[in-house]
Structures are given as C-alpha cells and as structure tokens.
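The next block is my_file_28.pdb, given as PDB, C-alpha atoms.
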ATOM      1  CA  MET C   1       2.794  15.222  13.025  1.00  0.00           C
ATOM      2  CA  ILE C   2      -0.395  14.349  11.152  1.00  0.00           C
ATOM      3  CA  PRO C   3      -2.848  12.446  13.392  1.00  0.00           C
ATOM      4  CA  ILE C   4      -4.151   9.171  11.926  1.00  0.00           C
ATOM      5  CA  GLU C   5      -6.929   7.050  13.373  1.00  0.00           C
ATOM      6  CA  ILE C   6      -9.317   4.231  12.537  1.00  0.00           C
ATOM      7  CA  ASP C   7     -12.966   5.227  12.917  1.00  0.00           C
ATOM      8  CA  LYS C   8     -14.538   3.611  15.975  1.00  0.00           C
ATOM      9  CA  PRO C   9     -17.078   1.450  14.058  1.00  0.00           C
ATOM     10  CA  LEU C  10     -14.196  -0.106  12.107  1.00  0.00           C
ATOM     11  CA  GLN C  11     -11.904  -0.805  15.025  1.00  0.00           C
ATOM     12  CA  GLY C  12     -11.257  -4.529  15.283  1.00  0.00           C
ATOM     13  CA  ALA C  13     -11.985  -5.064  11.601  1.00  0.00           C
ATOM     14  CA  LEU C  14      -8.468  -4.379  10.302  1.00  0.00           C
ATOM     15  CA  LYS C  15      -5.134  -2.886  11.278  1.00  0.00           C
ATOM     16  CA  ILE C  16      -2.630  -0.709   9.485  1.00  0.00           C
ATOM     17  CA  GLY C  17       1.093  -0.107   9.592  1.00  0.00           C
ATOM     18  CA  VAL C  18       1.800   3.618   9.257  1.00  0.00           C
ATOM     19  CA  LEU C  19       5.106   5.216   8.256  1.00  0.00           C
ATOM     20  CA  LEU C  20       5.804   8.913   7.711  1.00  0.00           C
ATOM     21  CA  PHE C  21       8.925  10.020   5.821  1.00  0.00           C
ATOM     22  CA  GLU C  22      10.373  13.389   4.910  1.00  0.00           C
ATOM     23  CA  GLY C  23      13.129  14.556   2.586  1.00  0.00           C
ATOM     24  CA  LEU C  24      13.021  11.542   0.262  1.00  0.00           C
ATOM     25  CA  ASN C  25      14.795  11.835  -3.074  1.00  0.00           C
ATOM     26  CA  CYS C  26      12.375  10.462  -5.653  1.00  0.00           C
ATOM     27  CA  GLN C  27      14.046   9.397  -8.900  1.00  0.00           C
ATOM     28  CA  LYS C  28      12.651   8.481 -12.287  1.00  0.00           C
ATOM     29  CA  GLN C  29      14.491   5.161 -12.066  1.00  0.00           C
ATOM     30  CA  ASN C  30      16.890   3.459  -9.665  1.00  0.00           C
ATOM     31  CA  SER C  31      18.815   0.561 -11.178  1.00  0.00           C
ATOM     32  CA  ASP C  32      19.875  -0.963  -7.839  1.00  0.00           C
ATOM     33  CA  LEU C  33      16.283  -0.952  -6.631  1.00  0.00           C
ATOM     34  CA  TRP C  34      15.096  -2.499  -9.881  1.00  0.00           C
ATOM     35  CA  GLN C  35      17.693  -5.269  -9.594  1.00  0.00           C
ATOM     36  CA  GLU C  36      16.344  -6.089  -6.138  1.00  0.00           C
ATOM     37  CA  ILE C  37      12.795  -6.198  -7.498  1.00  0.00           C
ATOM     38  CA  GLU C  38      13.862  -8.508 -10.328  1.00  0.00           C
ATOM     39  CA  LYS C  39      15.668 -10.784  -7.873  1.00  0.00           C
ATOM     40  CA  LEU C  40      12.521 -11.124  -5.760  1.00  0.00           C
ATOM     41  CA  THR C  41      10.274 -11.751  -8.779  1.00  0.00           C
ATOM     42  CA  ASP C  42      12.700 -14.429  -9.993  1.00  0.00           C
ATOM     43  CA  GLU C  43      12.522 -16.128  -6.590  1.00  0.00           C
ATOM     44  CA  TYR C  44       8.730 -16.220  -6.725  1.00  0.00           C
ATOM     45  CA  ARG C  45       8.790 -17.523 -10.286  1.00  0.00           C
ATOM     46  CA  GLN C  46      11.112 -20.359  -9.294  1.00  0.00           C
ATOM     47  CA  ARG C  47       9.048 -21.155  -6.215  1.00  0.00           C
ATOM     48  CA  PHE C  48       5.581 -21.182  -7.819  1.00  0.00           C
ATOM     49  CA  SER C  49       4.683 -22.515 -11.241  1.00  0.00           C
ATOM     50  CA  GLU C  50       1.161 -21.051 -11.067  1.00  0.00           C
ATOM     51  CA  PRO C  51      -0.435 -18.252  -8.988  1.00  0.00           C
ATOM     52  CA  THR C  52      -2.891 -20.775  -7.499  1.00  0.00           C
ATOM     53  CA  ASN C  53       0.070 -22.486  -5.825  1.00  0.00           C
ATOM     54  CA  ALA C  54       0.606 -19.353  -3.710  1.00  0.00           C
ATOM     55  CA  LEU C  55      -2.890 -19.133  -2.206  1.00  0.00           C
ATOM     56  CA  ASP C  56      -1.635 -19.625   1.364  1.00  0.00           C
ATOM     57  CA  LEU C  57       0.535 -16.527   1.035  1.00  0.00           C
ATOM     58  CA  LEU C  58      -2.310 -14.575  -0.552  1.00  0.00           C
ATOM     59  CA  LYS C  59      -4.904 -15.486   2.085  1.00  0.00           C
ATOM     60  CA  PRO C  60      -4.384 -12.474   4.428  1.00  0.00           C
ATOM     61  CA  ALA C  61      -4.830  -9.957   1.610  1.00  0.00           C
ATOM     62  CA  ARG C  62      -7.861 -11.817   0.274  1.00  0.00           C
ATOM     63  CA  ASP C  63      -9.391 -11.997   3.758  1.00  0.00           C
ATOM     64  CA  LEU C  64      -8.863  -8.261   4.153  1.00  0.00           C
ATOM     65  CA  TYR C  65     -10.631  -7.548   0.870  1.00  0.00           C
ATOM     66  CA  ARG C  66     -13.616  -9.714   1.781  1.00  0.00           C
ATOM     67  CA  LYS C  67     -13.822  -7.929   5.118  1.00  0.00           C
ATOM     68  CA  ILE C  68     -14.046  -4.564   3.393  1.00  0.00           C
ATOM     69  CA  GLY C  69     -16.683  -5.740   0.942  1.00  0.00           C
ATOM     70  CA  ILE C  70     -14.544  -6.524  -2.102  1.00  0.00           C
ATOM     71  CA  GLU C  71     -14.511  -9.979  -3.699  1.00  0.00           C
ATOM     72  CA  PRO C  72     -10.772 -10.614  -4.289  1.00  0.00           C
ATOM     73  CA  THR C  73     -11.313 -13.023  -7.178  1.00  0.00           C
ATOM     74  CA  ARG C  74     -12.986 -10.180  -9.090  1.00  0.00           C
ATOM     75  CA  THR C  75     -10.915  -7.219  -7.885  1.00  0.00           C
ATOM     76  CA  ARG C  76      -7.522  -8.592  -6.964  1.00  0.00           C
ATOM     77  CA  PRO C  77      -5.508  -7.096  -4.117  1.00  0.00           C
ATOM     78  CA  SER C  78      -2.672  -5.002  -5.517  1.00  0.00           C
ATOM     79  CA  SER C  79      -0.154  -7.314  -3.862  1.00  0.00           C
ATOM     80  CA  GLU C  80      -1.694 -10.338  -5.565  1.00  0.00           C
ATOM     81  CA  ALA C  81      -1.680  -8.582  -8.929  1.00  0.00           C
ATOM     82  CA  LEU C  82       2.065  -7.971  -8.524  1.00  0.00           C
ATOM     83  CA  LEU C  83       2.707 -11.596  -7.560  1.00  0.00           C
ATOM     84  CA  ARG C  84       0.690 -12.910 -10.499  1.00  0.00           C
ATOM     85  CA  ARG C  85       2.734 -10.782 -12.915  1.00  0.00           C
ATOM     86  CA  ALA C  86       5.940 -12.078 -11.350  1.00  0.00           C
ATOM     87  CA  ILE C  87       4.932 -15.744 -11.560  1.00  0.00           C
ATOM     88  CA  LYS C  88       3.710 -15.339 -15.149  1.00  0.00           C
ATOM     89  CA  ASP C  89       7.028 -13.659 -16.059  1.00  0.00           C
ATOM     90  CA  LYS C  90       5.385 -10.378 -16.967  1.00  0.00           C
ATOM     91  CA  PRO C  91       7.463  -7.262 -16.263  1.00  0.00           C
ATOM     92  CA  LEU C  92       6.366  -4.970 -13.466  1.00  0.00           C
ATOM     93  CA  TYR C  93       5.621  -1.368 -14.345  1.00  0.00           C
ATOM     94  CA  GLN C  94       8.310   1.190 -13.566  1.00  0.00           C
ATOM     95  CA  ILE C  95       6.649   4.372 -12.271  1.00  0.00           C
ATOM     96  CA  ASN C  96       9.224   6.189 -10.144  1.00  0.00           C
ATOM     97  CA  SER C  97      11.582   5.028  -7.423  1.00  0.00           C
ATOM     98  CA  ILE C  98       9.212   5.659  -4.483  1.00  0.00           C
ATOM     99  CA  VAL C  99       6.316   3.811  -6.118  1.00  0.00           C
ATOM    100  CA  ASP C 100       8.690   1.058  -7.287  1.00  0.00           C
ATOM    101  CA  ALA C 101      10.001   0.670  -3.728  1.00  0.00           C
ATOM    102  CA  GLY C 102       6.412   0.435  -2.517  1.00  0.00           C
ATOM    103  CA  ASN C 103       5.817  -2.381  -4.996  1.00  0.00           C
ATOM    104  CA  LEU C 104       8.929  -4.141  -3.718  1.00  0.00           C
ATOM    105  CA  CYS C 105       7.600  -3.938  -0.167  1.00  0.00           C
ATOM    106  CA  SER C 106       4.138  -5.149  -1.174  1.00  0.00           C
ATOM    107  CA  LEU C 107       5.690  -8.071  -3.055  1.00  0.00           C
ATOM    108  CA  GLN C 108       7.902  -8.917  -0.101  1.00  0.00           C
ATOM    109  CA  TYR C 109       5.089  -9.327   2.427  1.00  0.00           C
ATOM    110  CA  LEU C 110       2.130  -9.701   0.017  1.00  0.00           C
ATOM    111  CA  LEU C 111      -0.170  -7.168   1.630  1.00  0.00           C
ATOM    112  CA  PRO C 112      -1.711  -4.178  -0.150  1.00  0.00           C
ATOM    113  CA  VAL C 113      -0.044  -0.856   0.518  1.00  0.00           C
ATOM    114  CA  GLY C 114      -0.900   2.775  -0.104  1.00  0.00           C
ATOM    115  CA  LEU C 115       1.562   5.570  -0.889  1.00  0.00           C
ATOM    116  CA  TYR C 116       0.429   9.173  -0.497  1.00  0.00           C
ATOM    117  CA  ASP C 117       2.201  12.507  -0.899  1.00  0.00           C
ATOM    118  CA  LEU C 118       1.983  14.165   2.520  1.00  0.00           C
ATOM    119  CA  SER C 119       2.212  17.657   1.020  1.00  0.00           C
ATOM    120  CA  LYS C 120      -1.128  17.024  -0.721  1.00  0.00           C
ATOM    121  CA  ILE C 121      -2.979  15.921   2.437  1.00  0.00           C
ATOM    122  CA  SER C 122      -4.905  18.422   4.552  1.00  0.00           C
ATOM    123  CA  GLY C 123      -5.504  17.956   8.258  1.00  0.00           C
ATOM    124  CA  ALA C 124      -6.143  14.805  10.231  1.00  0.00           C
ATOM    125  CA  ILE C 125      -6.492  11.422   8.501  1.00  0.00           C
ATOM    126  CA  ILE C 126      -9.146   8.857   9.319  1.00  0.00           C
ATOM    127  CA  LEU C 127      -9.794   5.375   7.977  1.00  0.00           C
ATOM    128  CA  ARG C 128     -13.589   5.104   7.788  1.00  0.00           C
ATOM    129  CA  LYS C 129     -16.473   3.871   5.684  1.00  0.00           C
ATOM    130  CA  GLY C 130     -17.243   5.991   2.662  1.00  0.00           C
ATOM    131  CA  ASN C 131     -20.329   8.186   2.883  1.00  0.00           C
ATOM    132  CA  SER C 132     -23.167   8.249   0.386  1.00  0.00           C
ATOM    133  CA  GLY C 133     -21.938   9.267  -3.054  1.00  0.00           C
ATOM    134  CA  GLU C 134     -18.283   9.637  -2.032  1.00  0.00           C
ATOM    135  CA  GLN C 135     -15.646   9.005  -4.658  1.00  0.00           C
ATOM    136  CA  PHE C 136     -12.185  10.075  -5.763  1.00  0.00           C
ATOM    137  CA  LYS C 137     -10.291  10.256  -9.025  1.00  0.00           C
ATOM    138  CA  GLY C 138      -8.012   7.257  -9.373  1.00  0.00           C
ATOM    139  CA  ILE C 139      -4.556   7.108 -10.919  1.00  0.00           C
ATOM    140  CA  ARG C 140      -5.007   6.239 -14.611  1.00  0.00           C
ATOM    141  CA  LYS C 141      -8.522   5.144 -13.674  1.00  0.00           C
ATOM    142  CA  ASP C 142     -12.046   6.473 -13.644  1.00  0.00           C
ATOM    143  CA  MET C 143     -13.695   7.686 -10.464  1.00  0.00           C
ATOM    144  CA  ILE C 144     -13.305   5.288  -7.538  1.00  0.00           C
ATOM    145  CA  HIS C 145     -16.580   4.921  -5.642  1.00  0.00           C
ATOM    146  CA  VAL C 146     -16.085   4.332  -1.912  1.00  0.00           C
ATOM    147  CA  GLU C 147     -19.614   4.519  -0.553  1.00  0.00           C
ATOM    148  CA  GLY C 148     -19.929   1.835   2.105  1.00  0.00           C
ATOM    149  CA  ARG C 149     -16.303   0.757   1.672  1.00  0.00           C
ATOM    150  CA  TYR C 150     -13.249   1.564   3.709  1.00  0.00           C
ATOM    151  CA  THR C 151     -11.373   4.679   2.686  1.00  0.00           C
ATOM    152  CA  LEU C 152      -8.690   6.992   3.972  1.00  0.00           C
ATOM    153  CA  ALA C 153      -9.939  10.564   4.169  1.00  0.00           C
ATOM    154  CA  ASP C 154      -8.611  13.956   5.186  1.00  0.00           C
ATOM    155  CA  GLU C 155     -10.370  17.305   5.592  1.00  0.00           C
ATOM    156  CA  ILE C 156     -10.864  17.503   1.809  1.00  0.00           C
ATOM    157  CA  GLY C 157     -12.328  14.027   1.453  1.00  0.00           C
ATOM    158  CA  PRO C 158     -11.399  10.431   0.558  1.00  0.00           C
ATOM    159  CA  PHE C 159      -8.031   9.844  -1.102  1.00  0.00           C
ATOM    160  CA  GLY C 160      -7.218   6.142  -0.953  1.00  0.00           C
ATOM    161  CA  ASN C 161      -8.111   2.596   0.045  1.00  0.00           C
ATOM    162  CA  PRO C 162      -6.522  -0.872  -0.153  1.00  0.00           C
ATOM    163  CA  SER C 163      -7.488  -1.116  -3.837  1.00  0.00           C
ATOM    164  CA  SER C 164      -6.669   2.313  -5.254  1.00  0.00           C
ATOM    165  CA  ASP C 165      -4.729   5.483  -4.551  1.00  0.00           C
ATOM    166  CA  SER C 166      -6.057   8.851  -5.647  1.00  0.00           C
ATOM    167  CA  LEU C 167      -4.681  11.165  -8.277  1.00  0.00           C
ATOM    168  CA  ARG C 168      -4.890  14.022  -5.759  1.00  0.00           C
ATOM    169  CA  THR C 169      -2.311  12.524  -3.391  1.00  0.00           C
ATOM    170  CA  SER C 170      -0.283  10.596  -5.989  1.00  0.00           C
ATOM    171  CA  ILE C 171       3.507  10.278  -5.911  1.00  0.00           C
ATOM    172  CA  ASN C 172       5.634  12.114  -8.487  1.00  0.00           C
ATOM    173  CA  LEU C 173       9.265  13.186  -8.846  1.00  0.00           C
ATOM    174  CA  ASN C 174       8.624  16.211  -6.618  1.00  0.00           C
ATOM    175  CA  THR C 175       7.410  14.071  -3.725  1.00  0.00           C
ATOM    176  CA  GLY C 176       9.678  14.279  -0.690  1.00  0.00           C
ATOM    177  CA  ASN C 177       7.298  13.674   2.207  1.00  0.00           C
ATOM    178  CA  LEU C 178       5.492  10.344   2.184  1.00  0.00           C
ATOM    179  CA  LEU C 179       2.679   8.598   4.013  1.00  0.00           C
ATOM    180  CA  PHE C 180       3.046   4.808   3.613  1.00  0.00           C
ATOM    181  CA  ILE C 181       0.190   2.569   4.742  1.00  0.00           C
ATOM    182  CA  ILE C 182       0.284  -1.234   5.055  1.00  0.00           C
ATOM    183  CA  TYR C 183      -3.219  -2.751   5.159  1.00  0.00           C
ATOM    184  CA  ALA C 184      -3.721  -6.023   7.058  1.00  0.00           C
ATOM    185  CA  PRO C 185      -6.653  -8.090   8.360  1.00  0.00           C
ATOM    186  CA  SER C 186      -7.448  -7.801  12.054  1.00  0.00           C
ATOM    187  CA  TYR C 187      -6.035 -11.235  12.931  1.00  0.00           C
ATOM    188  CA  TYR C 188      -2.620 -10.448  11.413  1.00  0.00           C
ATOM    189  CA  LEU C 189       0.142 -10.740  14.009  1.00  0.00           C
ATOM    190  CA  ASP C 190       1.365  -7.379  15.281  1.00  0.00           C
ATOM    191  CA  GLU C 191       4.927  -8.690  15.325  1.00  0.00           C
ATOM    192  CA  LYS C 192       4.774  -9.517  11.624  1.00  0.00           C
ATOM    193  CA  LEU C 193       3.292  -6.130  10.766  1.00  0.00           C
ATOM    194  CA  HIS C 194       6.070  -4.412  12.714  1.00  0.00           C
ATOM    195  CA  LEU C 195       8.638  -6.460  10.763  1.00  0.00           C
ATOM    196  CA  HIS C 196       7.011  -5.363   7.508  1.00  0.00           C
ATOM    197  CA  ALA C 197       7.148  -1.741   8.642  1.00  0.00           C
ATOM    198  CA  ASP C 198      10.846  -2.121   9.503  1.00  0.00           C
ATOM    199  CA  PHE C 199      11.504  -3.607   6.055  1.00  0.00           C
ATOM    200  CA  THR C 200       9.687  -0.659   4.464  1.00  0.00           C
ATOM    201  CA  GLU C 201      11.722   1.840   6.457  1.00  0.00           C
ATOM    202  CA  GLN C 202      14.967   0.176   5.400  1.00  0.00           C
ATOM    203  CA  LYS C 203      14.123   0.119   1.695  1.00  0.00           C
ATOM    204  CA  MET C 204      12.768   3.659   1.531  1.00  0.00           C
ATOM    205  CA  LEU C 205      15.774   5.153   3.290  1.00  0.00           C
ATOM    206  CA  THR C 206      18.301   2.977   1.442  1.00  0.00           C
ATOM    207  CA  TYR C 207      17.124   4.161  -1.950  1.00  0.00           C
ATOM    208  CA  HIS C 208      15.906   7.672  -1.145  1.00  0.00           C
ATOM    209  CA  LYS C 209      17.874   8.947   1.859  1.00  0.00           C
ATOM    210  CA  GLY C 210      15.655  11.345   3.831  1.00  0.00           C
ATOM    211  CA  LYS C 211      14.475  10.325   7.293  1.00  0.00           C
ATOM    212  CA  LEU C 212      11.693   8.479   9.059  1.00  0.00           C
ATOM    213  CA  LEU C 213       9.399  10.733  11.088  1.00  0.00           C
ATOM    214  CA  SER C 214       7.329   8.021  12.745  1.00  0.00           C
ATOM    215  CA  ILE C 215       6.391   4.371  12.546  1.00  0.00           C
ATOM    216  CA  SER C 216       3.411   2.695  14.226  1.00  0.00           C
ATOM    217  CA  VAL C 217       0.767  -0.004  14.021  1.00  0.00           C
ATOM    218  CA  ILE C 218      -2.822   1.188  14.494  1.00  0.00           C
ATOM    219  CA  GLY C 219      -5.683  -1.135  15.283  1.00  0.00           C
ATOM    220  CA  ILE C 220      -3.938  -3.390  17.773  1.00  0.00           C
TER     221      ILE C 220
END

Written form, structure tokens:
Amino acid sequence: MIPIEIDKPLQGALKIGVLLFEGLNCQKQNSDLWQEIEKLTDEYRQRFSEPTNALDLLKPARDLYRKIGIEPTRTRPSSEALLRRAIKDKPLYQINSIVDAGNLCSLQYLLPVGLYDLSKISGAIILRKGNSGEQFKGIRKDMIHVEGRYTLADEIGPFGNPSSDSLRTSINLNTGNLLFIIYAPSYYLDEKLHLHADFTEQKMLTYHKGKLLSISVIGI
C-alpha cells in the first residue's frame, strides 16, 4: 500500500479523502454513467437559474482555495467550473469513463478532486508546499507552478493539486489502478467527507468493476 501523508506544517489547514482502487476497467465512454451525469446537471439547472445562486454550496471549495493561496474568483475550483457549465446548460467534456466518473463525484459534493494513475507514481506520497521553482506539466495546459502552494508529490516530484492534475500521472484507457483524492477545507465535517468517499467508491466500482484497496480521511 502506498503511504500518503500531509506534511506537518500543513496539518490542520485542510483534509483529504483518499481512495485506492485496482483492476478498474476504463472505457472510452459509458452511456449509463453519462446518463447519470446528465440527470445531475439537469437537477442543478432546474434548481439554480444563475451560478451566483449556488454560492452557499460553493463556499467550502472557495474557502479551500483561499487557504492554499488561490483566489477562487480568478482561478475557479474545478468543482465550481463543472457546476457553472451545468447551470449555463453547457455540455461537460467526455474524457474517459474514470475521469467522467470523477467529474460526477465532484459535481455531487462540489469539492475539487484529483485522479492519478497509481502505476505512474513512485514511492510515498506527501501533500506539502511546493519548493522554490517546482512545477509540473499540466493536462492540456502549460507548466503548473506550485512554488509556495500545496501540491501532491512523490519521489519524482509534484504531480497534482486541487487545481490541476499532471500529465505524468494522468488517466487513460490503460489505467487500472487509481488514486482518488477529495480535497476539503479543515473545518469540513469528517462524517460528510466519509459519505463523499463512500459515494465515490460506489460509482467507481459500479461503472468499472475492480476493487477498492483502501479508503480513509487524512487530516482529521
């Protein structure tokens, strides 16, 4: 099992839900999954006429971003970006079934998530502040600079944060083993984060078979 920890200086600043899966069957598309995503986006669209009407639901993700040094009105949490597309009746991007399921989960509980291919991670994982000059290549993006910001890192270096996942550990159709991270502010109720993790487990295994290796909340 890959050890995962939050660096001591950051403990008490945030918490994460951590799920490890193996043997998942990643598909280019899954119509049943996409129907569930469309059902949820329709519900949000009927509930909120404008994204500003959903600010109470978006507050935890925005608070998390401010805590990690990102102004959420300039760089929106990934969960908020998904919700805004849903409310504005813009289609969500279809990437592959694992990434799509991650988007479903993020939309469901409106917290940013990170999905990482375990086979591309080396050694222990730590959530820490980025060192001077640290960066990683984003997915369909330029280099992501993480100096002074929170980042997940392994023995090779940083590979993700609540805003961006790296190209190095990105999910593709060959991905079977998955690290799924749910990012939450420190005040977020542990019970709610456990419920979100349970929801994630259910959706990943429903649409991809495989099995759950472990599930935990770190930063309690």

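With all atoms listed in the file as the atoms that count, the minimum distance from Lys8 in chain C to the choices C:Lys192, C:Arg168, C:Asn177, C:Leu127 is reached by C:Leu127.
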
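Closest approach to Asp198 in chain C from the set C:Leu57, C:Leu152, C:Val18, C:Leu178 is made by C:Val18, with distances taken over only C-alpha atoms.
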
How would you write, as a ChimeraX atom specification, the residues chosen by the PyMOL selection byres ((chain C and resi 160) around 12) on this structure?
/C:112-117,121,125-130,134-139,143-146,149-154,157-159,161-170,179-181,183

Practice problem: Around the point (4.5, 5.5, -4.2) in the file's coordinates, collect all residues with an atom within 6 Å, using all atoms listed in the file, and return them as a ChimeraX atom specification. | Solution: /C:98-99,102,115,171

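Counting from CA of Gly69 in chain C, the distance to CA of Ser186 in chain C is 14.6 Å.
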
If you count only C-alpha atoms, the residue of C:Asn103, C:Asn172, C:Asn131, C:Thr41 closest to Thr200 in chain C turns out to be C:Asn103

**Asked** Do you know which residues the PyMOL selection byres ((chain C and resi 25) around 10) returns on this file, as a PyMOL selection string?
**Response** chain C and resi 22-24+26-27+97-98+173-177+204-205+207-210

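Using all atoms listed in the file, the shortest contact distance between Tyr187 in chain C and any of C:Glu80, C:Asp32, C:Glu43, C:Gly219 is found at C:Gly219.
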
re CA of Ala124 in chain C and CA of Pro3 in chain C: distance 5.1 Å

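Evaluated on this file, the PyMOL selection byres ((chain C and resi 89) around 12) matches Glu38, Leu40, Thr41, Asp42, Glu43, Tyr44, Arg45, Gln46, Phe48, Ser49, Glu50, Pro51, Leu82, Leu83, Arg84, Arg85, Ala86, Ile87, Lys88, Lys90, Pro91 and Leu92 of chain C.
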
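Here CA of Asp100 in chain C and CA of Ala13 in chain C stand 28.7 Å from one another.
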
Could you give me, as a ChimeraX atom specification, the residues that have an atom at most 10 Å away from the point (-8.1, -9.9, 0.6) in the coordinates of the file, using all atoms listed in the file? /C:58-73,75-80,111-112,162-163,183-185

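Using only C-alpha atoms, the shortest contact distance between Phe199 in chain C and any of C:Cys105, C:Leu55, C:Leu118, C:Ile218 is found at C:Cys105.
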
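Distance annotation: of C:Ile156, C:Ser214, C:Ile95, C:Ser106, the residue with the minimal separation from Gln29 in chain C is C:Ile95; atom set is only C-alpha atoms.
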